[in-house]
>>> print(open('input04.tsv').read())   # TSV, C-alpha atoms and all ligand atoms
chain	number	residue	atom	x	y	z
A	1065	MET	CA	183.06	-160.40	97.22
A	1066	THR	CA	184.69	-160.29	100.62
A	1067	GLN	CA	182.97	-157.72	102.81
A	1068	LYS	CA	185.14	-154.98	104.25
A	1069	ILE	CA	184.48	-154.07	107.88
A	1070	LEU	CA	185.93	-150.97	109.51
A	1071	LEU	CA	187.19	-151.59	113.05
A	1072	THR	CA	187.65	-148.32	114.91
A	1073	GLY	CA	189.99	-149.01	117.81
A	1074	GLY	CA	191.01	-152.14	115.93
A	1075	ALA	CA	194.50	-152.21	117.46
A	1076	GLY	CA	193.17	-152.30	121.04
A	1077	TYR	CA	192.46	-155.33	123.22
A	1078	ILE	CA	188.97	-156.24	121.99
A	1079	GLY	CA	189.47	-154.72	118.52
A	1080	ALA	CA	192.57	-156.78	117.69
A	1081	HIS	CA	191.00	-160.01	118.92
A	1082	THR	CA	187.89	-159.25	116.84
A	1083	PHE	CA	190.14	-158.65	113.81
A	1084	VAL	CA	191.25	-162.29	114.07
A	1085	ALA	CA	187.69	-163.56	114.56
A	1086	LEU	CA	186.40	-161.61	111.53
A	1087	HIS	CA	189.29	-162.78	109.37
A	1088	GLU	CA	188.57	-166.39	110.32
A	1089	ALA	CA	184.87	-165.86	109.50
A	1090	GLY	CA	185.73	-164.67	105.98
A	1091	TYR	CA	185.35	-160.91	106.43
A	1092	TYR	CA	188.05	-158.36	105.52
A	1093	PRO	CA	188.59	-156.15	108.58
A	1094	VAL	CA	190.34	-152.78	108.19
A	1095	ILE	CA	191.80	-151.08	111.27
A	1096	LEU	CA	191.50	-147.42	112.23
A	1097	ASP	CA	193.26	-146.49	115.47
A	1098	ASN	CA	194.95	-143.43	116.97
A	1099	PHE	CA	197.25	-145.69	119.06
A	1100	ALA	CA	196.50	-143.67	122.19
A	1101	ASN	CA	196.07	-146.92	124.09
A	1102	ALA	CA	197.42	-149.58	121.74
A	1103	ASP	CA	200.82	-150.87	120.63
A	1104	GLN	CA	202.21	-149.69	117.29
A	1105	ASP	CA	203.29	-153.25	116.44
A	1106	THR	CA	199.79	-154.75	116.82
A	1107	PRO	CA	199.12	-154.69	113.03
A	1108	ALA	CA	202.39	-156.59	112.47
A	1109	ARG	CA	201.41	-159.17	115.09
A	1110	LEU	CA	197.97	-159.51	113.48
A	1111	ALA	CA	199.66	-160.06	110.12
A	1112	GLN	CA	201.76	-162.81	111.71
A	1113	LEU	CA	198.68	-164.41	113.26
A	1114	THR	CA	196.46	-164.28	110.19
A	1115	GLY	CA	199.11	-164.66	107.49
A	1116	ARG	CA	197.79	-161.70	105.53
A	1117	LYS	CA	198.47	-158.03	104.96
A	1118	VAL	CA	196.79	-155.80	107.55
A	1119	ASP	CA	195.24	-152.53	106.38
A	1120	CYS	CA	195.67	-150.07	109.21
A	1121	HIS	CA	194.98	-146.34	109.29
A	1122	ASP	CA	196.68	-144.34	112.04
A	1123	CYS	CA	193.79	-141.92	112.39
A	1124	ASP	CA	191.94	-140.10	115.14
A	1125	LEU	CA	188.14	-140.00	114.98
A	1126	MET	CA	188.36	-136.32	115.92
A	1127	ASP	CA	190.13	-135.66	112.60
A	1128	LYS	CA	187.14	-135.44	110.26
A	1129	ALA	CA	189.19	-134.97	107.09
A	1130	ALA	CA	191.36	-138.02	107.79
A	1131	LEU	CA	188.27	-140.06	108.67
A	1132	ASP	CA	186.61	-139.00	105.44
A	1133	ALA	CA	189.70	-140.11	103.49
A	1134	VAL	CA	189.49	-143.61	105.05
A	1135	PHE	CA	185.84	-143.90	103.98
A	1136	GLU	CA	186.80	-142.64	100.48
A	1137	GLU	CA	189.45	-145.32	100.14
A	1138	HIS	CA	187.31	-148.31	101.18
A	1139	ASP	CA	183.83	-149.51	100.45
A	1140	PHE	CA	182.72	-150.64	103.91
A	1141	GLU	CA	179.85	-153.05	104.45
A	1142	ALA	CA	179.76	-152.16	108.15
A	1143	VAL	CA	181.60	-150.55	111.03
A	1144	ILE	CA	182.42	-152.05	114.42
A	1145	HIS	CA	183.09	-149.17	116.76
A	1146	PHE	CA	185.48	-149.97	119.63
A	1147	ALA	CA	187.52	-146.75	119.75
A	1148	ALA	CA	187.02	-145.11	123.14
A	1149	LEU	CA	188.69	-144.17	126.39
A	1150	LYS	CA	187.70	-146.69	129.04
A	1151	ALA	CA	189.14	-145.90	132.47
A	1152	VAL	CA	186.26	-145.24	134.83
A	1153	GLY	CA	188.36	-143.39	137.45
A	1154	GLU	CA	189.98	-141.17	134.84
A	1155	SER	CA	186.55	-140.34	133.42
A	1156	VAL	CA	185.44	-139.03	136.81
A	1157	ALA	CA	188.51	-136.75	136.97
A	1158	LYS	CA	188.36	-135.67	133.30
A	1159	PRO	CA	184.73	-135.85	132.16
A	1160	GLN	CA	185.16	-133.33	129.36
A	1161	MET	CA	187.91	-135.45	127.81
A	1162	TYR	CA	185.60	-138.49	127.84
A	1163	PHE	CA	182.65	-136.61	126.35
A	1164	ASP	CA	184.91	-135.07	123.71
A	1165	ASN	CA	186.68	-138.27	122.73
A	1166	ASN	CA	183.99	-140.94	123.14
A	1167	THR	CA	180.86	-139.00	122.28
A	1168	GLY	CA	182.57	-136.63	119.81
A	1169	GLY	CA	184.29	-139.58	118.13
A	1170	LEU	CA	180.99	-141.39	117.58
A	1171	ILE	CA	179.34	-138.21	116.27
A	1172	ASN	CA	182.09	-137.86	113.64
A	1173	LEU	CA	181.88	-141.54	112.80
A	1174	MET	CA	178.11	-141.36	112.28
A	1175	GLY	CA	178.66	-138.33	110.05
A	1176	ALA	CA	181.16	-140.22	107.89
A	1177	MET	CA	178.84	-143.22	107.68
A	1178	GLU	CA	175.93	-141.03	106.62
A	1179	LYS	CA	178.04	-139.26	104.00
A	1180	HIS	CA	179.43	-142.48	102.55
A	1181	ASP	CA	176.21	-144.46	102.80
A	1182	VAL	CA	177.45	-147.07	105.26
A	1183	LYS	CA	174.36	-148.26	107.10
A	1184	ARG	CA	175.45	-150.93	109.54
A	1185	ILE	CA	177.22	-150.52	112.85
A	1186	VAL	CA	178.06	-152.69	115.82
A	1187	PHE	CA	178.61	-150.61	118.95
A	1188	SER	CA	180.80	-151.56	121.87
A	1189	SER	CA	178.59	-150.86	124.86
A	1190	SER	CA	178.93	-152.05	128.42
A	1191	ALA	CA	177.04	-153.56	131.35
A	1192	THR	CA	177.90	-150.28	133.05
A	1193	VAL	CA	174.76	-148.85	131.40
A	1194	TYR	CA	172.73	-150.84	133.96
A	1195	GLY	CA	174.26	-148.91	136.88
A	1196	ASP	CA	173.57	-150.69	140.18
A	1197	ALA	CA	170.94	-153.11	138.85
A	1198	GLU	CA	168.44	-154.59	141.28
A	1199	GLN	CA	167.57	-157.56	139.11
A	1200	GLN	CA	170.19	-160.32	138.69
A	1201	PRO	CA	170.84	-161.78	136.17
A	1202	ILE	CA	170.33	-158.48	134.31
A	1203	PRO	CA	168.01	-158.56	131.28
A	1204	GLU	CA	168.37	-156.00	128.47
A	1205	THR	CA	165.05	-154.50	129.59
A	1206	ALA	CA	166.46	-153.46	133.00
A	1207	PRO	CA	166.42	-149.72	133.78
A	1208	LEU	CA	169.42	-147.84	132.39
A	1209	GLY	CA	171.56	-145.22	134.07
A	1210	ALA	CA	175.13	-144.07	134.36
A	1211	THR	CA	177.15	-143.69	137.54
A	1212	ASN	CA	180.23	-142.06	135.93
A	1213	PRO	CA	181.17	-140.12	132.75
A	1214	TYR	CA	182.55	-143.24	131.03
A	1215	GLY	CA	179.23	-145.02	131.54
A	1216	LEU	CA	177.39	-141.94	130.38
A	1217	THR	CA	179.33	-141.94	127.08
A	1218	LYS	CA	178.25	-145.55	126.51
A	1219	LEU	CA	174.64	-144.73	127.31
A	1220	MET	CA	174.74	-141.63	125.09
A	1221	GLY	CA	176.31	-143.73	122.32
A	1222	GLU	CA	173.41	-146.18	122.45
A	1223	MET	CA	170.84	-143.38	122.48
A	1224	MET	CA	172.47	-141.46	119.63
A	1225	LEU	CA	172.61	-144.57	117.46
A	1226	ASN	CA	168.98	-145.37	118.21
A	1227	GLN	CA	168.03	-141.85	117.11
A	1228	MET	CA	170.07	-142.24	113.90
A	1229	GLN	CA	168.07	-145.34	113.19
A	1230	VAL	CA	164.81	-143.44	113.70
A	1231	ALA	CA	165.98	-140.87	111.14
A	1232	HIS	CA	167.36	-143.55	108.80
A	1233	PRO	CA	165.15	-146.65	109.02
A	1234	ASP	CA	167.49	-148.46	106.63
A	1235	TRP	CA	170.32	-148.34	109.20
A	1236	THR	CA	170.84	-151.51	111.24
A	1237	ILE	CA	172.52	-151.31	114.59
A	1238	GLY	CA	173.93	-153.97	116.90
A	1239	ILE	CA	174.45	-152.76	120.45
A	1240	LEU	CA	176.55	-155.18	122.46
A	1241	ARG	CA	176.66	-154.73	126.21
A	1242	TYR	CA	179.83	-156.40	127.40
A	1243	PHE	CA	180.16	-157.79	130.87
A	1244	ASN	CA	183.80	-158.38	131.97
A	1245	PRO	CA	186.12	-159.46	129.13
A	1246	ALA	CA	189.11	-161.55	130.21
A	1247	GLY	CA	191.91	-163.65	128.71
A	1248	VAL	CA	193.90	-163.31	125.50
A	1249	HIS	CA	194.33	-165.24	122.25
A	1250	THR	CA	195.93	-168.66	122.81
A	1251	SER	CA	198.89	-167.66	120.60
A	1252	GLY	CA	199.96	-165.21	123.32
A	1253	LEU	CA	200.58	-162.66	120.53
A	1254	LEU	CA	197.82	-160.29	121.62
A	1255	TYR	CA	197.54	-158.50	124.95
A	1256	GLN	CA	195.02	-156.95	127.29
A	1257	SER	CA	197.52	-154.39	128.64
A	1258	PRO	CA	199.38	-152.44	125.96
A	1259	LYS	CA	203.15	-152.88	126.35
A	1260	SER	CA	203.72	-149.25	125.45
A	1261	GLY	CA	202.04	-146.35	127.19
A	1262	ASN	CA	201.68	-145.50	130.83
A	1263	ASN	CA	198.00	-146.15	131.30
A	1264	PRO	CA	197.76	-149.76	132.51
A	1265	PRO	CA	194.18	-151.05	132.85
A	1266	GLU	CA	192.78	-150.97	136.38
A	1267	ASN	CA	190.75	-154.12	135.84
A	1268	LEU	CA	191.02	-157.26	137.92
A	1269	MET	CA	192.72	-159.58	135.38
A	1270	PRO	CA	195.63	-157.27	134.49
A	1271	ARG	CA	196.15	-156.63	138.21
A	1272	LEU	CA	196.17	-160.37	138.99
A	1273	LEU	CA	198.79	-160.77	136.29
A	1274	GLU	CA	200.95	-158.02	137.79
A	1275	VAL	CA	200.80	-159.69	141.20
A	1276	ALA	CA	201.63	-163.11	139.76
A	1277	VAL	CA	204.70	-161.80	137.91
A	1278	GLY	CA	205.76	-159.81	140.97
A	1279	THR	CA	205.48	-156.24	139.68
A	1280	ARG	CA	202.74	-155.62	142.28
A	1281	PRO	CA	203.24	-157.04	145.80
A	1282	HIS	CA	199.63	-158.09	146.38
A	1283	LEU	CA	196.13	-157.67	145.04
A	1284	MET	CA	193.91	-155.23	146.89
A	1285	VAL	CA	190.47	-156.82	147.11
A	1286	PHE	CA	188.10	-153.89	146.87
A	1287	GLY	CA	185.40	-154.67	149.42
A	1288	SER	CA	184.66	-157.76	151.50
A	1289	ASP	CA	181.28	-156.70	152.86
A	1290	TYR	CA	179.11	-156.93	149.77
A	1291	ASP	CA	175.91	-158.93	149.89
A	1292	THR	CA	177.53	-161.83	148.00
A	1293	PRO	CA	178.43	-165.40	149.08
A	1294	ASP	CA	181.98	-164.47	150.19
A	1295	GLY	CA	181.49	-160.71	150.57
A	1296	THR	CA	183.63	-159.76	147.54
A	1297	GLY	CA	182.31	-158.35	144.25
A	1298	VAL	CA	180.70	-160.74	141.79
A	1299	ARG	CA	181.10	-160.26	138.03
A	1300	ASP	CA	180.34	-162.09	134.79
A	1301	TYR	CA	183.78	-162.70	133.25
A	1302	ILE	CA	183.66	-163.66	129.56
A	1303	HIS	CA	186.58	-165.02	127.55
A	1304	ILE	CA	187.74	-162.58	124.89
A	1305	SER	CA	187.40	-165.29	122.20
A	1306	ASP	CA	183.74	-165.79	123.10
A	1307	LEU	CA	183.17	-162.02	123.20
A	1308	CYS	CA	184.70	-161.57	119.74
A	1309	ARG	CA	182.68	-164.44	118.32
A	1310	GLY	CA	179.66	-162.51	119.61
A	1311	HIS	CA	180.69	-159.60	117.36
A	1312	VAL	CA	180.88	-161.82	114.30
A	1313	LEU	CA	177.43	-163.22	115.10
A	1314	SER	CA	176.07	-159.71	115.61
A	1315	LEU	CA	177.41	-158.61	112.23
A	1316	ASP	CA	176.08	-161.77	110.56
A	1317	ALA	CA	172.65	-161.10	112.09
A	1318	LEU	CA	172.56	-157.45	110.94
A	1319	ILE	CA	173.43	-158.48	107.38
A	1320	ARG	CA	171.09	-161.49	107.33
A	1321	THR	CA	168.02	-160.01	108.99
A	1322	ASN	CA	168.36	-156.25	108.41
A	1323	GLU	CA	167.09	-155.85	111.96
A	1324	SER	CA	168.78	-154.06	114.83
A	1325	HIS	CA	169.45	-155.65	118.21
A	1326	THR	CA	170.66	-154.77	121.70
A	1327	VAL	CA	172.08	-157.74	123.58
A	1328	ASN	CA	174.18	-158.65	126.58
A	1329	LEU	CA	177.43	-160.51	126.00
A	1330	GLY	CA	178.28	-162.50	129.10
A	1331	THR	CA	178.24	-166.09	130.30
A	1332	GLY	CA	175.29	-165.77	132.67
A	1333	THR	CA	177.42	-166.87	135.64
A	1334	GLY	CA	178.95	-164.65	138.30
A	1335	TYR	CA	182.26	-165.23	140.09
A	1336	SER	CA	183.68	-163.41	143.09
A	1337	VAL	CA	187.09	-161.74	143.37
A	1338	LEU	CA	188.19	-164.60	145.66
A	1339	ASP	CA	187.07	-167.15	143.03
A	1340	MET	CA	189.22	-165.31	140.51
A	1341	ILE	CA	192.26	-165.23	142.78
A	1342	ARG	CA	191.98	-168.99	143.39
A	1343	GLU	CA	191.56	-169.81	139.69
A	1344	PHE	CA	194.39	-167.52	138.64
A	1345	ALA	CA	196.76	-169.04	141.23
A	1346	LYS	CA	195.92	-172.48	139.83
A	1347	ALA	CA	196.56	-171.31	136.25
A	1348	CYS	CA	199.98	-169.83	136.96
A	1349	GLY	CA	201.04	-172.36	139.58
A	1350	ARG	CA	202.04	-169.77	142.14
A	1351	GLU	CA	200.53	-167.95	145.03
A	1352	VAL	CA	198.66	-164.71	144.46
A	1353	PRO	CA	198.92	-162.68	147.67
A	1354	PHE	CA	195.99	-160.41	148.45
A	1355	GLU	CA	194.76	-158.00	151.09
A	1356	MET	CA	191.23	-156.98	151.89
A	1357	ALA	CA	190.66	-153.28	151.29
A	1358	ASP	CA	187.79	-150.80	151.27
A	1359	ARG	CA	185.20	-150.82	148.53
A	1360	ARG	CA	186.25	-148.94	145.40
A	1361	PRO	CA	184.03	-145.87	144.96
A	1362	GLY	CA	181.39	-146.42	142.30
A	1363	ASP	CA	181.64	-150.24	142.32
A	1364	VAL	CA	178.53	-152.40	142.48
A	1365	GLY	CA	178.32	-155.64	144.47
A	1366	THR	CA	176.93	-157.98	141.84
A	1367	CYS	CA	176.62	-157.84	138.06
A	1368	TYR	CA	175.94	-160.77	135.76
A	1369	ALA	CA	174.07	-161.17	132.52
A	1370	ASP	CA	170.78	-162.64	131.49
A	1371	VAL	CA	171.96	-164.34	128.28
A	1372	THR	CA	168.57	-165.43	126.93
A	1373	LEU	CA	168.34	-162.74	124.26
A	1374	ALA	CA	171.88	-163.29	122.95
A	1375	ARG	CA	170.98	-166.94	122.47
A	1376	GLU	CA	167.67	-166.16	120.76
A	1377	VAL	CA	168.78	-163.28	118.53
A	1378	LEU	CA	172.40	-164.18	117.77
A	1379	GLY	CA	172.57	-167.89	118.57
A	1380	PHE	CA	175.36	-166.89	120.93
A	1381	GLU	CA	176.49	-168.93	123.88
A	1382	ALA	CA	179.80	-168.56	125.73
A	1383	GLU	CA	181.86	-171.73	125.49
A	1384	LEU	CA	184.93	-171.02	127.60
A	1385	GLY	CA	185.09	-170.90	131.38
A	1386	LEU	CA	187.12	-169.34	134.14
A	1387	ALA	CA	189.98	-171.86	133.81
A	1388	GLU	CA	190.56	-170.96	130.14
A	1389	MET	CA	190.32	-167.22	130.92
A	1390	CYS	CA	192.97	-167.49	133.62
A	1391	ILE	CA	195.26	-169.85	131.66
A	1392	ASP	CA	195.08	-167.54	128.63
A	1393	SER	CA	195.57	-164.39	130.72
A	1394	TRP	CA	198.69	-165.94	132.20
A	1395	ARG	CA	200.09	-166.26	128.63
A	1396	GLU	CA	200.44	-162.48	128.64
A	1397	SER	CA	203.23	-162.89	131.21
A	1398	GLY	CA	205.39	-164.63	128.62
A	1399	GLN	CA	206.10	-167.25	131.31
A	1400	ALA	CA	203.28	-169.68	130.54
A	1401	ASP	CA	203.88	-173.18	129.28
A	1402	PRO	CA	202.97	-172.86	125.58
A	1403	THR	CA	201.75	-176.48	125.50
A	1404	THR	CA	198.89	-175.85	127.96
B	1	LIG	C1	186.06	-156.51	138.73
B	1	LIG	C2	185.94	-156.85	140.21
B	1	LIG	C3	186.39	-154.97	141.62
B	1	LIG	C4	190.67	-154.61	140.64
B	1	LIG	C5	184.83	-151.98	134.83
B	1	LIG	C6	183.97	-150.91	134.24
B	1	LIG	C7	183.10	-151.47	133.18
B	1	LIG	C8	183.87	-152.24	132.15
B	1	LIG	C9	184.89	-153.15	132.73
B	1	LIG	C10	185.46	-151.21	130.65
B	1	LIG	C11	185.24	-155.76	141.02
B	1	LIG	C12	187.42	-156.06	141.85
B	1	LIG	C13	189.35	-155.02	140.70
B	1	LIG	C14	191.48	-154.77	141.83
B	1	LIG	C15	189.60	-155.77	142.97
B	1	LIG	N1	184.32	-151.37	131.15
B	1	LIG	N2	188.82	-155.59	141.83
B	1	LIG	N3	190.90	-155.36	142.93
B	1	LIG	O1	184.52	-152.73	137.81
B	1	LIG	O2	183.30	-154.75	136.94
B	1	LIG	O3	184.00	-152.98	135.38
B	1	LIG	O4	185.60	-152.55	133.79
B	1	LIG	O5	186.18	-151.14	129.90
B	1	LIG	O6	182.41	-150.44	132.62
B	1	LIG	O7	183.18	-150.35	135.27
B	1	LIG	O8	185.72	-154.46	136.35
B	1	LIG	O9	187.88	-155.61	136.40
B	1	LIG	O10	187.70	-153.29	137.41
B	1	LIG	O11	186.63	-155.20	138.58
B	1	LIG	O12	189.15	-156.28	143.99
B	1	LIG	O13	192.66	-154.40	141.87
B	1	LIG	O14	187.26	-156.93	140.75
B	1	LIG	O15	186.07	-154.32	142.83
B	1	LIG	O16	184.50	-156.42	142.02
B	1	LIG	P1	184.33	-153.71	136.74
B	1	LIG	P2	187.07	-154.61	137.13
>>> encode(input="input04.tsv", output="structure tokens", more="lines below")
Ligand code: WQD
Amino acid sequence: MTQKILLTGGAGYIGAHTFVALHEAGYYPVILDNFANADQDTPARLAQLTGRKVDCHDCDLMDKAALDAVFEEHDFEAVIHFAALKAVGESVAKPQMYFDNNTGGLINLMGAMEKHDVKRIVFSSSATVYGDAEQQPIPETAPLGATNPYGLTKLMGEMMLNQMQVAHPDWTIGILRYFNPAGVHTSGLLYQSPKSGNNPPENLMPRLLEVAVGTRPHLMVFGSDYDTPDGTGVRDYIHISDLCRGHVLSLDALIRTNESHTVNLGTGTGYSVLDMIREFAKACGREVPFEMADRRPGDVGTCYADVTLAREVLGFEAELGLAEMCIDSWRESGQADPTT
């Protein structure tokens, strides 16, 4: 029988792309989303992409009764938990909101899983749990710490799940620490920045896109005095398709081995902001003006993944490079050549 997988935050950027990947792998994903940071028409676009009906529950994880009803209706094999607020700056200004939503949401979700005997979960964590890591590339064994409330909610999420597993040894947990997801599905039907809402992501790729389409005059390069080859910040950008394939492999591994894992999802290679500007300009065939600016508070100079464990435990290896990430990101403009 096809296995049903609950995707909390399944209408968001990573959730919707993972919906497609799970569908293609033969799973039956079911979406739960409160649409706080996602477009209402995402389920319809997913239906168009996959050619099937999309089960979607407009539900907030804070609403325990509604959450319970979703678990009553479906017999889930596992949960992939994406639903969370993710703006680092906002989390510094409104920590309580982040603790309430991200940590409270996971607490309710774990309660529903316990009640309905769902014992597998893949958790959307982040390289932010490494703080300002001394060791590069960063192995999963590096010291952990949070430099802002958003990061703290990810760290708390990992710790809470690990404690659940201590209490319930039959639970299996996949903790995936994402580096920097970039790009969109080649169909151009899914987005990184929701079209509705007034909370555009502050990340580099969406900003590059805004500059290329002309809604932002130039990119501010946050810091040119880091200890990196060109002085700008270095990150491990991973194509969204690779990242989502990592989720399918994580789920497969939990089901196959009944063992938990905590792994990095990255490519193992770091690129600077200037590398990204150059590659994005090539992908869209126009100039991307930029200006050097001060460092952004809380940023680290360098962050890229040690990918050894992902290879060993999940058989995961990123296949797509910077060119594909930039070409696919440019699709979001609606101005890309669909034949590329
Ligand atoms: C990448 C690089 C910036 C925008 C954050 C979170 C992390 C994760 C992903 C989220 C840095 C530089 C950026 C701009 C710039 N979680 N930059 N000008 O900071 O690595 O990670 O997002 O969901 O937890 O911390 O990603 O894309 O913001 O920045 O120069 O306008 O681009 O300084 O070097 P980051 P990012």
>>> closest_atom_pairs(input="input04.tsv", of="chain A", to="ligand LIG 1 (chain B)", cutoff="9 Å", atoms="all atoms listed in the file", output="CSV")
residue,atom,partner,partner_atom,distance
A:Leu1149,CA,B:LIG1,O5,8.2
A:Lys1150,CA,B:LIG1,O5,4.8
A:Ala1151,CA,B:LIG1,O5,6.5
A:Val1152,CA,B:LIG1,O7,6.0
A:Gly1153,CA,B:LIG1,O7,8.9
A:Ser1189,CA,B:LIG1,N1,8.5
A:Ser1190,CA,B:LIG1,O6,5.7
A:Ala1191,CA,B:LIG1,O6,6.3
A:Thr1192,CA,B:LIG1,O6,4.5
A:Val1193,CA,B:LIG1,O6,7.9
A:Asn1212,CA,B:LIG1,O7,8.8
A:Tyr1214,CA,B:LIG1,O6,7.4
A:Gly1215,CA,B:LIG1,O6,6.4
A:Lys1218,CA,B:LIG1,O6,8.9
A:Tyr1242,CA,B:LIG1,C8,7.5
A:Phe1243,CA,B:LIG1,C8,6.8
A:Asn1244,CA,B:LIG1,C9,5.4
A:Pro1245,CA,B:LIG1,C9,7.4
A:Ala1246,CA,B:LIG1,O9,8.7
A:Pro1265,CA,B:LIG1,O10,8.2
A:Glu1266,CA,B:LIG1,O10,5.7
A:Asn1267,CA,B:LIG1,O9,3.3
A:Leu1268,CA,B:LIG1,C4,3.8
A:Met1269,CA,B:LIG1,O9,6.3
A:Pro1270,CA,B:LIG1,O9,8.2
A:Arg1271,CA,B:LIG1,O13,5.5
A:Leu1272,CA,B:LIG1,O13,7.5
A:Leu1283,CA,B:LIG1,O13,5.7
A:Met1284,CA,B:LIG1,N3,5.0
A:Val1285,CA,B:LIG1,O12,3.4
A:Phe1286,CA,B:LIG1,O12,3.9
A:Gly1287,CA,B:LIG1,O15,6.6
A:Ser1288,CA,B:LIG1,O12,8.9
A:Thr1296,CA,B:LIG1,O16,6.5
A:Gly1297,CA,B:LIG1,O16,3.7
A:Val1298,CA,B:LIG1,O16,5.8
A:Arg1299,CA,B:LIG1,O2,6.0
A:Asp1300,CA,B:LIG1,O2,8.2
A:Tyr1301,CA,B:LIG1,C1,8.6
A:Ser1336,CA,B:LIG1,O16,7.1
A:Val1337,CA,B:LIG1,O14,5.5
A:Leu1338,CA,B:LIG1,O12,8.5
A:Met1340,CA,B:LIG1,O14,8.6
A:Met1356,CA,B:LIG1,O12,8.2
A:Ala1357,CA,B:LIG1,O12,8.0
A:Arg1359,CA,B:LIG1,O15,6.7
A:Arg1360,CA,B:LIG1,O15,6.0
A:Pro1361,CA,B:LIG1,O15,8.9
A:Gly1362,CA,B:LIG1,O7,8.3
A:Asp1363,CA,B:LIG1,O1,5.9
A:Val1364,CA,B:LIG1,O16,7.2
A:Gly1365,CA,B:LIG1,O16,6.7
A:Thr1366,CA,B:LIG1,O16,7.7
A:Cys1367,CA,B:LIG1,O2,7.4
>>> closest_residue(input="input04.tsv", among="A:Glu1137, A:Asp1122, A:Glu1222, A:Glu1088", to="Ile1185 (chain A)", atoms="only C-alpha atoms")
A:Glu1222
>>> residues_around(input="input04.tsv", residues="region 1304-1308 of chain A", least_positions_apart="4", cutoff="10 Å", atoms="all atoms listed in the file", output="PDB file with C-alpha atoms, in the coordinates of the input")
ATOM      1  CA  TYR A1077     192.460-155.330 123.220  1.00  0.00           C
ATOM      2  CA  ILE A1078     188.970-156.240 121.990  1.00  0.00           C
ATOM      3  CA  GLY A1079     189.470-154.720 118.520  1.00  0.00           C
ATOM      4  CA  ALA A1080     192.570-156.780 117.690  1.00  0.00           C
ATOM      5  CA  HIS A1081     191.000-160.010 118.920  1.00  0.00           C
ATOM      6  CA  THR A1082     187.890-159.250 116.840  1.00  0.00           C
ATOM      7  CA  PHE A1083     190.140-158.650 113.810  1.00  0.00           C
ATOM      8  CA  VAL A1084     191.250-162.290 114.070  1.00  0.00           C
ATOM      9  CA  ALA A1085     187.690-163.560 114.560  1.00  0.00           C
ATOM     10  CA  LEU A1086     186.400-161.610 111.530  1.00  0.00           C
ATOM     11  CA  LEU A1240     176.550-155.180 122.460  1.00  0.00           C
ATOM     12  CA  TYR A1242     179.830-156.400 127.400  1.00  0.00           C
ATOM     13  CA  PHE A1243     180.160-157.790 130.870  1.00  0.00           C
ATOM     14  CA  ASN A1244     183.800-158.380 131.970  1.00  0.00           C
ATOM     15  CA  PRO A1245     186.120-159.460 129.130  1.00  0.00           C
ATOM     16  CA  ALA A1246     189.110-161.550 130.210  1.00  0.00           C
ATOM     17  CA  GLY A1247     191.910-163.650 128.710  1.00  0.00           C
ATOM     18  CA  VAL A1248     193.900-163.310 125.500  1.00  0.00           C
ATOM     19  CA  HIS A1249     194.330-165.240 122.250  1.00  0.00           C
ATOM     20  CA  THR A1250     195.930-168.660 122.810  1.00  0.00           C
ATOM     21  CA  GLN A1256     195.020-156.950 127.290  1.00  0.00           C
ATOM     22  CA  VAL A1312     180.880-161.820 114.300  1.00  0.00           C
ATOM     23  CA  LEU A1313     177.430-163.220 115.100  1.00  0.00           C
ATOM     24  CA  SER A1314     176.070-159.710 115.610  1.00  0.00           C
ATOM     25  CA  LEU A1329     177.430-160.510 126.000  1.00  0.00           C
ATOM     26  CA  GLY A1330     178.280-162.500 129.100  1.00  0.00           C
ATOM     27  CA  THR A1331     178.240-166.090 130.300  1.00  0.00           C
ATOM     28  CA  PHE A1380     175.360-166.890 120.930  1.00  0.00           C
ATOM     29  CA  GLU A1381     176.490-168.930 123.880  1.00  0.00           C
ATOM     30  CA  ALA A1382     179.800-168.560 125.730  1.00  0.00           C
ATOM     31  CA  GLU A1383     181.860-171.730 125.490  1.00  0.00           C
ATOM     32  CA  LEU A1384     184.930-171.020 127.600  1.00  0.00           C
ATOM     33  CA  GLY A1385     185.090-170.900 131.380  1.00  0.00           C
ATOM     34  CA  MET A1389     190.320-167.220 130.920  1.00  0.00           C
ATOM     35  CA  ASP A1392     195.080-167.540 128.630  1.00  0.00           C
ATOM     36  CA  SER A1393     195.570-164.390 130.720  1.00  0.00           C
TER      37      SER A1393
END
>>> residues_around(input="input04.tsv", residues="Pro1201 (chain A)", least_positions_apart="2", cutoff="10 Å", atoms="all atoms listed in the file", output="list in words")
Ala1197, Glu1198, Gln1199, Pro1203, Glu1204, Ala1206, Asp1300, Gly1332, Thr1333, Gly1334, Thr1366, Cys1367, Tyr1368, Ala1369, Asp1370 and Val1371 of chain A
>>> atom_distance(input="input04.tsv", atom1="CA of Leu1315 (chain A)", atom2="CA of Asn1101 (chain A)")
25.0 Å
>>> residues_around(input="input04.tsv", residues="Glu1323 (chain A)", least_positions_apart="6", cutoff="9 Å", atoms="all atoms listed in the file", output="JSON, numbers by chain")
{"A": [1235, 1236, 1237, 1238, 1317]}
>>> atom_distance(input="input04.tsv", atom1="CA of Pro1213 (chain A)", atom2="CA of Lys1158 (chain A)")
8.5 Å
>>> atom_distance(input="input04.tsv", atom1="CA of Lys1183 (chain A)", atom2="CA of Asn1328 (chain A)")
22.1 Å
